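**Q** Contents are mmCIF, C-alpha atoms; file name query15.cif:
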data_entry
loop_
_atom_site.group_PDB
_atom_site.id
_atom_site.type_symbol
_atom_site.label_atom_id
_atom_site.label_comp_id
_atom_site.auth_asym_id
_atom_site.auth_seq_id
_atom_site.Cartn_x
_atom_site.Cartn_y
_atom_site.Cartn_z
ATOM 1 C CA MET A 482 0.000 0.000 0.000
ATOM 2 C CA ARG A 483 1.221 3.481 -0.865
ATOM 3 C CA GLN A 484 1.418 6.407 1.502
ATOM 4 C CA LEU A 485 -0.083 9.008 -0.823
ATOM 5 C CA ILE A 486 -1.944 9.270 -4.118
ATOM 6 C CA VAL A 487 -2.417 12.632 -5.834
ATOM 7 C CA ILE A 488 -5.390 12.828 -8.211
ATOM 8 C CA GLY A 489 -4.867 15.609 -10.735
ATOM 9 C CA SER A 490 -1.933 17.054 -12.635
ATOM 10 C CA GLY A 491 -2.505 20.790 -12.867
ATOM 11 C CA PRO A 492 -0.509 23.333 -10.838
ATOM 12 C CA ALA A 493 -2.102 22.071 -7.605
ATOM 13 C CA GLY A 494 -1.517 18.397 -8.290
ATOM 14 C CA TYR A 495 2.072 18.739 -9.485
ATOM 15 C CA THR A 496 3.026 21.145 -6.698
ATOM 16 C CA ALA A 497 1.545 18.750 -4.149
ATOM 17 C CA ALA A 498 3.597 15.980 -5.760
ATOM 18 C CA ILE A 499 6.797 18.054 -5.566
ATOM 19 C CA TYR A 500 6.344 18.760 -1.864
ATOM 20 C CA ALA A 501 5.227 15.217 -1.072
ATOM 21 C CA ALA A 502 8.093 13.652 -3.001
ATOM 22 C CA ARG A 503 10.632 15.862 -1.228
ATOM 23 C CA ALA A 504 9.134 14.611 2.049
ATOM 24 C CA ASN A 505 9.906 11.028 0.929
ATOM 25 C CA LEU A 506 6.238 10.107 0.589
ATOM 26 C CA SER A 507 6.803 8.647 -2.930
ATOM 27 C CA PRO A 508 3.459 9.926 -4.244
ATOM 28 C CA LEU A 509 1.646 8.384 -7.174
ATOM 29 C CA VAL A 510 0.142 11.089 -9.413
ATOM 30 C CA ILE A 511 -2.869 10.088 -11.492
ATOM 31 C CA ALA A 512 -2.425 12.587 -14.314
ATOM 32 C CA SER A 513 -5.306 11.634 -16.658
ATOM 33 C CA SER A 514 -4.951 9.888 -19.979
ATOM 34 C CA VAL A 515 -6.111 12.836 -22.088
ATOM 35 C CA GLU A 516 -6.007 15.996 -19.923
ATOM 36 C CA ALA A 517 -2.647 15.715 -18.163
ATOM 37 C CA GLY A 518 -1.397 19.145 -17.117
ATOM 38 C CA GLY A 519 -4.832 20.704 -16.657
ATOM 39 C CA GLU A 520 -6.190 23.887 -18.212
ATOM 40 C CA LEU A 521 -2.746 25.445 -18.698
ATOM 41 C CA MET A 522 -2.107 22.924 -21.467
ATOM 42 C CA ASN A 523 -4.562 25.019 -23.535
ATOM 43 C CA THR A 524 -2.883 28.335 -22.688
ATOM 44 C CA THR A 525 -0.226 30.052 -24.772
ATOM 45 C CA GLU A 526 2.012 32.549 -22.969
ATOM 46 C CA VAL A 527 1.763 32.723 -19.177
ATOM 47 C CA GLU A 528 3.157 36.071 -18.031
ATOM 48 C CA ASN A 529 1.963 36.219 -14.425
ATOM 49 C CA PHE A 530 3.576 33.104 -12.949
ATOM 50 C CA PRO A 531 6.510 34.146 -10.727
ATOM 51 C CA GLY A 532 9.981 33.285 -11.956
ATOM 52 C CA PHE A 533 9.361 33.727 -15.673
ATOM 53 C CA PRO A 534 9.983 37.403 -16.531
ATOM 54 C CA GLU A 535 9.954 36.638 -20.253
ATOM 55 C CA ALA A 536 6.733 34.566 -19.941
ATOM 56 C CA VAL A 537 6.427 30.816 -20.378
ATOM 57 C CA MET A 538 4.153 28.725 -22.553
ATOM 58 C CA GLY A 539 1.443 26.967 -20.550
ATOM 59 C CA PRO A 540 2.434 23.441 -21.678
ATOM 60 C CA ASP A 541 6.114 24.204 -20.983
ATOM 61 C CA LEU A 542 5.296 25.326 -17.443
ATOM 62 C CA MET A 543 3.381 22.129 -16.736
ATOM 63 C CA THR A 544 6.156 20.010 -18.230
ATOM 64 C CA LYS A 545 8.674 21.675 -15.915
ATOM 65 C CA MET A 546 6.433 21.047 -12.911
ATOM 66 C CA GLN A 547 6.077 17.399 -13.875
ATOM 67 C CA GLU A 548 9.818 16.982 -14.354
ATOM 68 C CA GLN A 549 10.453 18.601 -10.987
ATOM 69 C CA ALA A 550 8.031 16.217 -9.272
ATOM 70 C CA GLU A 551 9.629 13.209 -10.991
ATOM 71 C CA ARG A 552 13.109 14.401 -10.053
ATOM 72 C CA PHE A 553 12.223 13.968 -6.378
ATOM 73 C CA GLY A 554 10.617 10.562 -6.848
ATOM 74 C CA ALA A 555 6.973 11.108 -7.775
ATOM 75 C CA GLU A 556 5.478 8.490 -10.091
ATOM 76 C CA ILE A 557 3.256 9.819 -12.888
ATOM 77 C CA ARG A 558 0.496 7.559 -14.194
ATOM 78 C CA TYR A 559 -1.382 8.552 -17.374
ATOM 79 C CA ASP A 560 -4.731 7.021 -16.531
ATOM 80 C CA ASP A 561 -8.174 8.147 -15.425
ATOM 81 C CA VAL A 562 -9.835 7.646 -12.053
ATOM 82 C CA THR A 563 -13.183 5.928 -12.485
ATOM 83 C CA ALA A 564 -14.128 5.336 -8.843
ATOM 84 C CA LEU A 565 -12.995 6.227 -5.326
ATOM 85 C CA GLU A 566 -13.485 4.543 -1.950
ATOM 86 C CA LEU A 567 -12.425 7.152 0.584
ATOM 87 C CA ASP A 568 -14.437 6.482 3.733
ATOM 88 C CA GLY A 569 -12.034 4.261 5.637
ATOM 89 C CA PRO A 570 -8.424 4.002 6.717
ATOM 90 C CA VAL A 571 -7.367 2.566 3.371
ATOM 91 C CA LYS A 572 -8.239 4.730 0.352
ATOM 92 C CA ARG A 573 -8.913 2.815 -2.865
ATOM 93 C CA VAL A 574 -8.557 4.446 -6.281
ATOM 94 C CA THR A 575 -9.892 2.537 -9.279
ATOM 95 C CA LEU A 576 -8.377 3.437 -12.651
ATOM 96 C CA GLY A 577 -9.654 3.123 -16.178
ATOM 97 C CA SER A 578 -7.179 0.331 -16.803
ATOM 98 C CA GLY A 579 -8.890 -1.714 -14.093
ATOM 99 C CA THR A 580 -6.020 -1.307 -11.629
ATOM 100 C CA VAL A 581 -6.949 -0.531 -8.031
ATOM 101 C CA GLU A 582 -4.366 1.506 -6.111
ATOM 102 C CA GLU A 583 -4.455 1.774 -2.314
ATOM 103 C CA ALA A 584 -3.016 4.486 -0.098
ATOM 104 C CA GLU A 585 -3.201 5.860 3.430
ATOM 105 C CA ALA A 586 -3.941 9.374 2.143
ATOM 106 C CA VAL A 587 -5.261 11.035 -0.993
ATOM 107 C CA ILE A 588 -4.944 14.581 -2.345
ATOM 108 C CA PHE A 589 -7.873 15.459 -4.600
ATOM 109 C CA ALA A 590 -6.760 18.149 -7.095
ATOM 110 C CA THR A 591 -8.942 17.642 -10.147
ATOM 111 C CA GLY A 592 -9.430 21.354 -10.861
ATOM 112 C CA SER A 593 -12.399 22.892 -12.590
ATOM 113 C CA ALA A 594 -13.631 23.133 -16.136
ATOM 114 C CA TYR A 595 -14.742 26.353 -17.779
ATOM 115 C CA ARG A 596 -18.175 26.062 -19.302
ATOM 116 C CA LYS A 597 -18.000 26.239 -23.056
ATOM 117 C CA LEU A 598 -20.378 27.599 -25.646
ATOM 118 C CA GLY A 599 -20.296 24.410 -27.703
ATOM 119 C CA VAL A 600 -20.208 26.218 -31.047
ATOM 120 C CA ASP A 601 -18.142 25.748 -34.194
ATOM 121 C CA GLY A 602 -14.664 27.234 -33.948
ATOM 122 C CA GLU A 603 -14.476 27.256 -30.145
ATOM 123 C CA GLU A 604 -12.167 24.275 -29.693
ATOM 124 C CA ARG A 605 -10.106 25.018 -32.797
ATOM 125 C CA LEU A 606 -9.432 28.632 -31.797
ATOM 126 C CA ALA A 607 -8.871 28.020 -28.082
ATOM 127 C CA GLY A 608 -5.679 29.884 -27.204
ATOM 128 C CA ARG A 609 -5.817 31.656 -30.571
ATOM 129 C CA GLY A 610 -8.212 34.399 -29.599
ATOM 130 C CA VAL A 611 -10.710 32.378 -27.586
ATOM 131 C CA SER A 612 -10.054 32.539 -23.849
ATOM 132 C CA TRP A 613 -11.798 31.747 -20.576
ATOM 133 C CA CYS A 614 -9.582 33.918 -18.360
ATOM 134 C CA ALA A 615 -9.302 37.701 -18.688
ATOM 135 C CA THR A 616 -6.615 38.073 -16.037
ATOM 136 C CA CYS A 617 -4.554 35.420 -17.822
ATOM 137 C CA ASP A 618 -4.874 36.684 -21.400
ATOM 138 C CA GLY A 619 -6.205 40.239 -21.365
ATOM 139 C CA PHE A 620 -2.765 41.775 -21.853
ATOM 140 C CA PHE A 621 -2.482 40.183 -25.305
ATOM 141 C CA PHE A 622 -5.441 42.206 -26.588
ATOM 142 C CA ARG A 623 -4.105 45.701 -26.126
ATOM 143 C CA ASP A 624 -5.894 48.145 -28.471
ATOM 144 C CA ARG A 625 -7.969 45.302 -29.952
ATOM 145 C CA VAL A 626 -11.713 44.830 -30.342
ATOM 146 C CA ILE A 627 -12.959 41.920 -28.280
ATOM 147 C CA ALA A 628 -16.164 40.481 -26.848
ATOM 148 C CA VAL A 629 -17.258 38.801 -23.634
ATOM 149 C CA ALA A 630 -20.005 36.182 -23.728
ATOM 150 C CA GLY A 631 -22.105 36.098 -20.569
ATOM 151 C CA GLY A 632 -24.346 38.168 -18.327
ATOM 152 C CA GLY A 633 -23.390 37.373 -14.749
ATOM 153 C CA ASP A 634 -20.988 38.946 -12.275
ATOM 154 C CA SER A 635 -17.989 37.119 -13.726
ATOM 155 C CA ALA A 636 -18.799 38.408 -17.217
ATOM 156 C CA MET A 637 -19.142 42.011 -15.984
ATOM 157 C CA GLU A 638 -15.936 41.709 -14.007
ATOM 158 C CA GLU A 639 -14.058 40.347 -17.006
ATOM 159 C CA ALA A 640 -15.494 42.956 -19.377
ATOM 160 C CA THR A 641 -14.559 45.803 -17.030
ATOM 161 C CA PHE A 642 -11.070 44.385 -16.517
ATOM 162 C CA LEU A 643 -10.530 43.977 -20.258
ATOM 163 C CA THR A 644 -11.214 47.678 -20.906
ATOM 164 C CA LYS A 645 -7.758 48.288 -19.432
ATOM 165 C CA PHE A 646 -6.333 46.784 -22.607
ATOM 166 C CA ALA A 647 -8.897 46.614 -25.403
ATOM 167 C CA SER A 648 -10.101 49.551 -27.436
ATOM 168 C CA LYS A 649 -13.661 48.189 -27.345
ATOM 169 C CA VAL A 650 -15.415 45.386 -25.483
ATOM 170 C CA TYR A 651 -18.752 43.955 -26.581
ATOM 171 C CA VAL A 652 -20.823 42.078 -24.025
ATOM 172 C CA ILE A 653 -22.978 39.489 -25.775
ATOM 173 C CA HIS A 654 -25.908 38.277 -23.692
ATOM 174 C CA ARG A 655 -28.804 36.035 -24.641
ATOM 175 C CA ARG A 656 -31.347 38.048 -22.648
ATOM 176 C CA GLY A 657 -32.476 41.663 -22.518
ATOM 177 C CA GLU A 658 -31.207 42.165 -18.985
ATOM 178 C CA LEU A 659 -28.197 41.048 -17.007
ATOM 179 C CA ARG A 660 -28.032 38.462 -14.233
ATOM 180 C CA ALA A 661 -25.159 40.341 -12.594
ATOM 181 C CA SER A 662 -25.488 42.232 -9.333
ATOM 182 C CA LYS A 663 -26.618 45.848 -9.571
ATOM 183 C CA ILE A 664 -23.226 47.255 -8.637
ATOM 184 C CA MET A 665 -21.458 45.167 -11.286
ATOM 185 C CA GLN A 666 -24.036 46.167 -13.894
ATOM 186 C CA ALA A 667 -23.699 49.838 -13.064
ATOM 187 C CA ARG A 668 -19.926 49.669 -13.290
ATOM 188 C CA ALA A 669 -20.037 48.028 -16.715
ATOM 189 C CA GLU A 670 -22.779 50.258 -18.073
ATOM 190 C CA ALA A 671 -20.832 53.361 -17.043
ATOM 191 C CA ASN A 672 -17.736 52.265 -18.943
ATOM 192 C CA GLU A 673 -17.612 53.974 -22.320
ATOM 193 C CA LYS A 674 -15.578 51.158 -23.853
ATOM 194 C CA ILE A 675 -18.296 48.563 -23.205
ATOM 195 C CA GLU A 676 -21.186 48.040 -25.620
ATOM 196 C CA PHE A 677 -23.962 45.532 -24.929
ATOM 197 C CA VAL A 678 -25.335 43.194 -27.570
ATOM 198 C CA TRP A 679 -28.685 42.175 -26.118
ATOM 199 C CA ASN A 680 -30.899 39.158 -26.847
ATOM 200 C CA SER A 681 -28.104 37.515 -28.774
ATOM 201 C CA GLU A 682 -26.063 34.331 -28.668
ATOM 202 C CA ILE A 683 -22.889 33.280 -30.425
ATOM 203 C CA ALA A 684 -23.637 30.757 -33.174
ATOM 204 C CA GLU A 685 -20.103 30.386 -34.578
ATOM 205 C CA ILE A 686 -16.588 31.675 -33.979
ATOM 206 C CA LEU A 687 -14.803 32.756 -37.152
ATOM 207 C CA GLY A 688 -11.137 32.670 -38.075
ATOM 208 C CA GLY A 689 -8.352 30.573 -39.514
ATOM 209 C CA ASP A 690 -5.232 30.788 -37.349
ATOM 210 C CA ALA A 691 -6.822 33.395 -35.065
ATOM 211 C CA VAL A 692 -10.243 34.793 -34.215
ATOM 212 C CA THR A 693 -11.566 37.272 -36.769
ATOM 213 C CA GLY A 694 -15.149 37.540 -35.563
ATOM 214 C CA VAL A 695 -18.275 35.739 -34.467
ATOM 215 C CA VAL A 696 -21.671 34.981 -35.937
ATOM 216 C CA VAL A 697 -24.282 36.452 -33.603
ATOM 217 C CA ARG A 698 -27.797 35.019 -33.640
ATOM 218 C CA SER A 699 -30.841 36.821 -32.268
ATOM 219 C CA THR A 700 -32.656 34.906 -29.535
ATOM 220 C CA ILE A 701 -35.851 36.708 -30.551
ATOM 221 C CA ASP A 702 -36.191 36.123 -34.296
ATOM 222 C CA GLY A 703 -33.237 33.869 -35.122
ATOM 223 C CA SER A 704 -31.620 36.315 -37.534
ATOM 224 C CA THR A 705 -27.817 36.283 -37.758
ATOM 225 C CA ARG A 706 -25.044 38.753 -38.435
ATOM 226 C CA GLU A 707 -21.260 38.789 -38.292
ATOM 227 C CA LEU A 708 -19.455 40.824 -35.666
ATOM 228 C CA PRO A 709 -15.744 41.465 -36.435
ATOM 229 C CA LEU A 710 -13.519 40.755 -33.417
ATOM 230 C CA ASP A 711 -9.919 40.111 -32.473
ATOM 231 C CA GLY A 712 -10.796 37.955 -29.489
ATOM 232 C CA LEU A 713 -13.580 36.345 -27.507
ATOM 233 C CA PHE A 714 -13.714 35.732 -23.759
ATOM 234 C CA VAL A 715 -16.241 33.159 -22.589
ATOM 235 C CA ALA A 716 -17.551 33.940 -19.091
ATOM 236 C CA ILE A 717 -20.552 31.694 -18.571
ATOM 237 C CA GLY A 718 -19.250 30.013 -15.421
ATOM 238 C CA ASN A 719 -17.131 27.051 -14.496
ATOM 239 C CA ASP A 720 -17.741 23.756 -12.770
ATOM 240 C CA PRO A 721 -15.399 22.141 -10.247
ATOM 241 C CA ARG A 722 -14.613 18.556 -11.208
ATOM 242 C CA THR A 723 -16.200 16.888 -8.191
ATOM 243 C CA HIS A 724 -18.258 14.138 -9.839
ATOM 244 C CA LEU A 725 -16.060 11.435 -8.303
ATOM 245 C CA VAL A 726 -16.750 12.593 -4.746
ATOM 246 C CA HIS A 727 -20.334 13.877 -4.843
ATOM 247 C CA ASP A 728 -21.571 11.134 -2.527
ATOM 248 C CA GLN A 729 -18.481 11.048 -0.293
ATOM 249 C CA LEU A 730 -17.041 14.485 0.489
ATOM 250 C CA GLN A 731 -18.967 17.465 1.802
ATOM 251 C CA LEU A 732 -19.361 20.189 -0.826
ATOM 252 C CA THR A 733 -20.015 23.899 -0.477
ATOM 253 C CA SER A 734 -23.068 25.714 -1.816
ATOM 254 C CA GLU A 735 -20.913 26.669 -4.797
ATOM 255 C CA GLY A 736 -20.165 23.036 -5.591
ATOM 256 C CA THR A 737 -16.537 23.035 -4.504
ATOM 257 C CA VAL A 738 -15.049 20.573 -2.015
ATOM 258 C CA GLN A 739 -15.440 21.886 1.527
ATOM 259 C CA VAL A 740 -12.238 22.153 3.555
ATOM 260 C CA GLU A 741 -11.530 23.191 7.136
ATOM 261 C CA GLY A 742 -10.609 26.875 7.286
ATOM 262 C CA ARG A 743 -7.395 27.605 5.429
ATOM 263 C CA SER A 744 -6.340 23.962 5.512
ATOM 264 C CA SER A 745 -6.838 21.326 2.832
ATOM 265 C CA ARG A 746 -8.565 18.863 5.170
ATOM 266 C CA THR A 747 -11.877 17.557 3.852
ATOM 267 C CA SER A 748 -14.754 15.891 5.700
ATOM 268 C CA ILE A 749 -12.961 12.504 5.574
ATOM 269 C CA PRO A 750 -9.741 11.908 7.532
ATOM 270 C CA GLY A 751 -6.810 11.273 5.228
ATOM 271 C CA VAL A 752 -8.414 12.999 2.243
ATOM 272 C CA PHE A 753 -7.165 16.442 1.266
ATOM 273 C CA ALA A 754 -8.215 18.775 -1.549
ATOM 274 C CA ALA A 755 -6.383 21.544 -3.383
ATOM 275 C CA GLY A 756 -6.578 23.961 -6.284
ATOM 276 C CA ASP A 757 -9.606 25.064 -8.247
ATOM 277 C CA VAL A 758 -11.682 22.185 -6.894
ATOM 278 C CA ILE A 759 -11.832 24.110 -3.570
ATOM 279 C CA ASP A 760 -11.549 27.652 -4.968
ATOM 280 C CA PRO A 761 -14.576 29.351 -6.565
ATOM 281 C CA THR A 762 -12.976 32.802 -6.460
ATOM 282 C CA TYR A 763 -9.405 33.194 -7.688
ATOM 283 C CA ARG A 764 -8.762 30.217 -9.994
ATOM 284 C CA GLN A 765 -5.202 31.196 -10.873
ATOM 285 C CA ALA A 766 -2.236 28.905 -11.482
ATOM 286 C CA ILE A 767 -0.259 30.507 -8.656
ATOM 287 C CA THR A 768 -3.057 30.167 -6.072
ATOM 288 C CA ALA A 769 -3.613 26.562 -7.145
ATOM 289 C CA ALA A 770 0.105 25.846 -6.737
ATOM 290 C CA GLY A 771 0.099 27.341 -3.243
ATOM 291 C CA SER A 772 -2.950 25.284 -2.373
ATOM 292 C CA GLY A 773 -1.187 22.150 -3.594
ATOM 293 C CA ALA A 774 1.785 22.876 -1.345
ATOM 294 C CA ALA A 775 -0.547 23.259 1.649
ATOM 295 C CA ALA A 776 -2.247 19.949 0.841
ATOM 296 C CA ALA A 777 1.080 18.117 0.692
ATOM 297 C CA LEU A 778 2.122 19.578 4.040
ATOM 298 C CA ASP A 779 -1.219 18.633 5.600
ATOM 299 C CA ALA A 780 -0.901 15.106 4.215
ATOM 300 C CA GLU A 781 2.660 14.836 5.506
ATOM 301 C CA HIS A 782 1.548 15.823 9.020
ATOM 302 C CA TYR A 783 -1.366 13.383 8.873
ATOM 303 C CA LEU A 784 0.862 10.495 7.815
ATOM 304 C CA ALA A 785 3.462 11.409 10.424
ATOM 305 C CA ALA A 786 0.768 11.195 13.110
ATOM 306 C CA LEU A 787 -0.029 7.678 11.946
ATOM 307 C CA ASP A 788 3.646 6.709 11.992
ATOM 308 C CA ASP A 789 4.154 8.160 15.454
ATOM 309 C CA ALA A 790 1.938 5.400 16.848
ATOM 310 C CA GLY A 791 4.926 3.095 16.317
ATOM 311 C CA GLU A 792 2.906 0.221 14.862
ATOM 312 C CA PRO A 793 4.441 -0.970 11.587
ATOM 313 C CA ALA A 794 1.283 -2.720 10.432
ATOM 314 C CA PRO A 795 -1.779 -1.679 12.443
ATOM 315 C CA ASP A 796 -5.083 -3.347 11.679
ATOM 316 C CA THR A 797 -8.046 -1.567 10.152
ATOM 317 C CA ASP A 798 -9.601 -0.467 13.449
ATOM 318 C CA GLN A 799 -6.269 0.888 14.692
ATOM 319 C CA ILE A 800 -5.664 2.813 11.476
ATOM 320 C CA GLN A 801 -9.172 4.274 11.643
ATOM 321 C CA GLY A 802 -8.599 5.495 15.200
ATOM 322 C CA LEU A 803 -5.248 6.993 14.314
ATOM 323 C CA ALA A 804 -6.699 8.615 11.207
ATOM 324 C CA GLU A 805 -9.435 10.294 13.221
ATOM 325 C CA ALA A 806 -6.922 11.502 15.787
ATOM 326 C CA ALA A 807 -4.619 12.862 13.086
ATOM 327 C CA ALA A 808 -7.490 14.809 11.536
ATOM 328 C CA ILE A 809 -8.235 16.707 14.735
#
Would you write the structure of this file as structure tokens?
**A**
Amino acid sequence: MRQLIVIGSGPAGYTAAIYAARANLSPLVIASSVEAGGELMNTTEVENFPGFPEAVMGPDLMTKMQEQAERFGAEIRYDDVTALELDGPVKRVTLGSGTVEEAEAVIFATGSAYRKLGVDGEERLAGRGVSWCATCDGFFFRDRVIAVAGGGDSAMEEATFLTKFASKVYVIHRRGELRASKIMQARAEANEKIEFVWNSEIAEILGGDAVTGVVVRSTIDGSTRELPLDGLFVAIGNDPRTHLVHDQLQLTSEGTVQVEGRSSRTSIPGVFAAGDVIDPTYRQAITAAGSGAAAALDAEHYLAALDDAGEPAPDTDQIQGLAEAAAI
């Protein structure tokens, strides 16, 4: 049985693996068979991650994190978790290959997924003018004409932020009124760079190697028109990837995994969570990395408490008692 399994391979998962490996916990990282590296694998230049004054490509940053984790002894497994058994002293992780891995502790760092429009051109132009993060990519659209799709607080916040760079920002919303709070609406409506496109939805994103515009369809009469753009920011929400733990871990009202205060401890002893899966607010690579470090430290302390009992091979009841004590 292993000491620690890390589920997820974004900034939180790999940072947790780095810290855990340096603590001689020999973590196994389940990195996914198709989405290893997380959302940054779909990002071009990352300019706001400390230590890279000349920027770094998203995939390159994740590769460096992986290599750093492996350097200290982490094992990376390109497979998908299909089921979890967490409520007990021995955590069981079932993989798509059929393998069942067991560990004394688990760090759950599966991240979140931005909601997508599901229209033609969205996947093809991701990172080439289509973005889901204004604070990540807004700088690249200085003096450009861009649009934000959405009508909630996050959309208004992104649109207002993007006016620092863009010459014009369209807000495309499928209704005739916003869902955003009054103060966020007022702030956006008062900004002379923002123009609202009401009762409209994006039917297609245009462009070859980069975004050149969108096809806007009226939600009232179905008519369409082309709107020339240099970029599109999709701000229709995001969903934490918690489907594996819905019936096991306590979740918050926002759907994220609930943790104790500023720790990474979840509702089950020996299970820790980190990154976007616990963070509905910031969702940045650097905050996820910091969260991953905290989770590894919490897991290390938990495992040390088990070891301090001095029993090399305690039975299930003993492990359960120690696990509960370590979680206090």
**Q** Take the PyMOL selection byres ((chain A and resi 643) around 9), run it mentally on this structure, and tell me the resulting residues as an mmCIF file with C-alpha atoms, keeping the file's coordinate frame.
**A**
data_model
loop_
_atom_site.group_PDB
_atom_site.id
_atom_site.type_symbol
_atom_site.label_atom_id
_atom_site.label_comp_id
_atom_site.auth_asym_id
_atom_site.auth_seq_id
_atom_site.Cartn_x
_atom_site.Cartn_y
_atom_site.Cartn_z
ATOM 1 C CA ALA A 615 -9.302 37.701 -18.688
ATOM 2 C CA THR A 616 -6.615 38.073 -16.037
ATOM 3 C CA GLY A 619 -6.205 40.239 -21.365
ATOM 4 C CA PHE A 620 -2.765 41.775 -21.853
ATOM 5 C CA PHE A 622 -5.441 42.206 -26.588
ATOM 6 C CA ARG A 623 -4.105 45.701 -26.126
ATOM 7 C CA ILE A 627 -12.959 41.920 -28.280
ATOM 8 C CA GLU A 638 -15.936 41.709 -14.007
ATOM 9 C CA GLU A 639 -14.058 40.347 -17.006
ATOM 10 C CA ALA A 640 -15.494 42.956 -19.377
ATOM 11 C CA THR A 641 -14.559 45.803 -17.030
ATOM 12 C CA PHE A 642 -11.070 44.385 -16.517
ATOM 13 C CA THR A 644 -11.214 47.678 -20.906
ATOM 14 C CA LYS A 645 -7.758 48.288 -19.432
ATOM 15 C CA PHE A 646 -6.333 46.784 -22.607
ATOM 16 C CA ALA A 647 -8.897 46.614 -25.403
ATOM 17 C CA LYS A 649 -13.661 48.189 -27.345
ATOM 18 C CA VAL A 650 -15.415 45.386 -25.483
#
**Q** Could you state which residues are captured by the PyMOL selection byres ((chain A and resi 543-554) around 10) in this file, as a PyMOL selection string?
**A** chain A and resi 490-492+494-510+512+517-522+537-542+555-557
**Q** Write the residues you've just listed into a file as a compact mmCIF listing (two decimals), in the frame of the given file, and include C-alpha atoms for each of them.
**A**
# COMPACT_ATOMS: atom_id res chain seq x y z
CA SER A 490 -1.93 17.05 -12.64
CA GLY A 491 -2.50 20.79 -12.87
CA PRO A 492 -0.51 23.33 -10.84
CA GLY A 494 -1.52 18.40 -8.29
CA TYR A 495 2.07 18.74 -9.48
CA THR A 496 3.03 21.14 -6.70
CA ALA A 497 1.54 18.75 -4.15
CA ALA A 498 3.60 15.98 -5.76
CA ILE A 499 6.80 18.05 -5.57
CA TYR A 500 6.34 18.76 -1.86
CA ALA A 501 5.23 15.22 -1.07
CA ALA A 502 8.09 13.65 -3.00
CA ARG A 503 10.63 15.86 -1.23
CA ALA A 504 9.13 14.61 2.05
CA ASN A 505 9.91 11.03 0.93
CA LEU A 506 6.24 10.11 0.59
CA SER A 507 6.80 8.65 -2.93
CA PRO A 508 3.46 9.93 -4.24
CA LEU A 509 1.65 8.38 -7.17
CA VAL A 510 0.14 11.09 -9.41
CA ALA A 512 -2.42 12.59 -14.31
CA ALA A 517 -2.65 15.72 -18.16
CA GLY A 518 -1.40 19.14 -17.12
CA GLY A 519 -4.83 20.70 -16.66
CA GLU A 520 -6.19 23.89 -18.21
CA LEU A 521 -2.75 25.44 -18.70
CA MET A 522 -2.11 22.92 -21.47
CA VAL A 537 6.43 30.82 -20.38
CA MET A 538 4.15 28.72 -22.55
CA GLY A 539 1.44 26.97 -20.55
CA PRO A 540 2.43 23.44 -21.68
CA ASP A 541 6.11 24.20 -20.98
CA LEU A 542 5.30 25.33 -17.44
CA ALA A 555 6.97 11.11 -7.78
CA GLU A 556 5.48 8.49 -10.09
CA ILE A 557 3.26 9.82 -12.89
**Q** Around segment 580-591 of chain A, fit a box with edges along x, y and z, padding it by 5 Å on each side, then list its centre and edge lengths in Å to one decimal as lines of an AutoDock Vina configuration file.
**A**
center_x = -6.0
center_y = 8.4
center_z = -4.1
size_x = 15.9
size_y = 29.5
size_z = 25.1
**Q** Which residue is closest to Glu741 of chain A? Choose from A:Val581, A:Ile759, A:Met637, A:Asp690 and count all atoms listed in the file.
**A**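 That would be A:Ile759, the residue with the smallest distance to Glu741 of chain A.
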**Q** Might you spell out which residues the PyMOL selection byres ((chain A and resi 592) around 7) would select in the displayed file, as a list in words?
**A** Ala590, Thr591, Ser593, Ala594, Pro721, Arg722, Gly756, Asp757 and Val758 of chain A
**Q** Which one is closest to Ser748 of chain A: A:Ile767, A:Ala774, A:Val726, A:Ala536? Count all atoms listed in the file.
**A**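 Smallest distance to Ser748 of chain A is found for A:Val726.
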**Q** Atom CA of Gly712 of chain A and atom CA of Gly599 of chain A, how far apart in Å?
**A**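 Atom CA of Gly712 of chain A lies at a distance of 16.6 Å from atom CA of Gly599 of chain A.
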**Q** Can you tell me which residues surround Leu606 of chain A at a distance of at most 9 Å, considering only C-alpha atoms, apart from same-chain residues fewer than 5 positions away, and format the answer as a PDB file with C-alpha atoms, in the coordinates of the input?
**A**
ATOM      1  CA  VAL A 611     -10.710  32.378 -27.586  1.00  0.00           C
ATOM      2  CA  SER A 612     -10.054  32.539 -23.849  1.00  0.00           C
ATOM      3  CA  ILE A 686     -16.588  31.675 -33.979  1.00  0.00           C
ATOM      4  CA  LEU A 687     -14.803  32.756 -37.152  1.00  0.00           C
ATOM      5  CA  GLY A 688     -11.137  32.670 -38.075  1.00  0.00           C
ATOM      6  CA  GLY A 689      -8.352  30.573 -39.514  1.00  0.00           C
ATOM      7  CA  ASP A 690      -5.232  30.788 -37.349  1.00  0.00           C
ATOM      8  CA  ALA A 691      -6.822  33.395 -35.065  1.00  0.00           C
ATOM      9  CA  VAL A 692     -10.243  34.793 -34.215  1.00  0.00           C
TER      10      VAL A 692
END
**Q** Skipping near chain neighbours, those fewer than 6 positions away, what residues fall within 12 Å of Ala684 of chain A using all atoms listed in the file, listed as a ChimeraX atom specification?
**A** /A:598-603,630,653,655,694-700,703-708
**Q** Between atom CA of Val574 of chain A and atom CA of Ala769 of chain A, what is the distance in Å, rounded to a tenth?
**A** 22.7 Å
**Q** From (3.9, 29.2, -9.8), in the file's coordinates, out to 7 Å: which residues are reached, counting only C-alpha atoms? Answer as a ChimeraX atom specification.
**A** /A:530-531,766-767,770
**Q** Mind giving me the straight-line distance from atom CA of Asp634 of chain A to atom CA of Ala667 of chain A in Å, one decimal?
**A**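 Separating atom CA of Asp634 of chain A from atom CA of Ala667 of chain A is a distance of 11.3 Å.
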**Q** Residues at most 12 Å from Asp779 of chain A, counting all atoms listed in the file, excluding those fewer than 5 positions away in the same chain, as a PyMOL selection string?
**A** chain A and resi 485+497+500-501+504+586-588+740-741+743-747+750-755+772-774+784-786+807-809
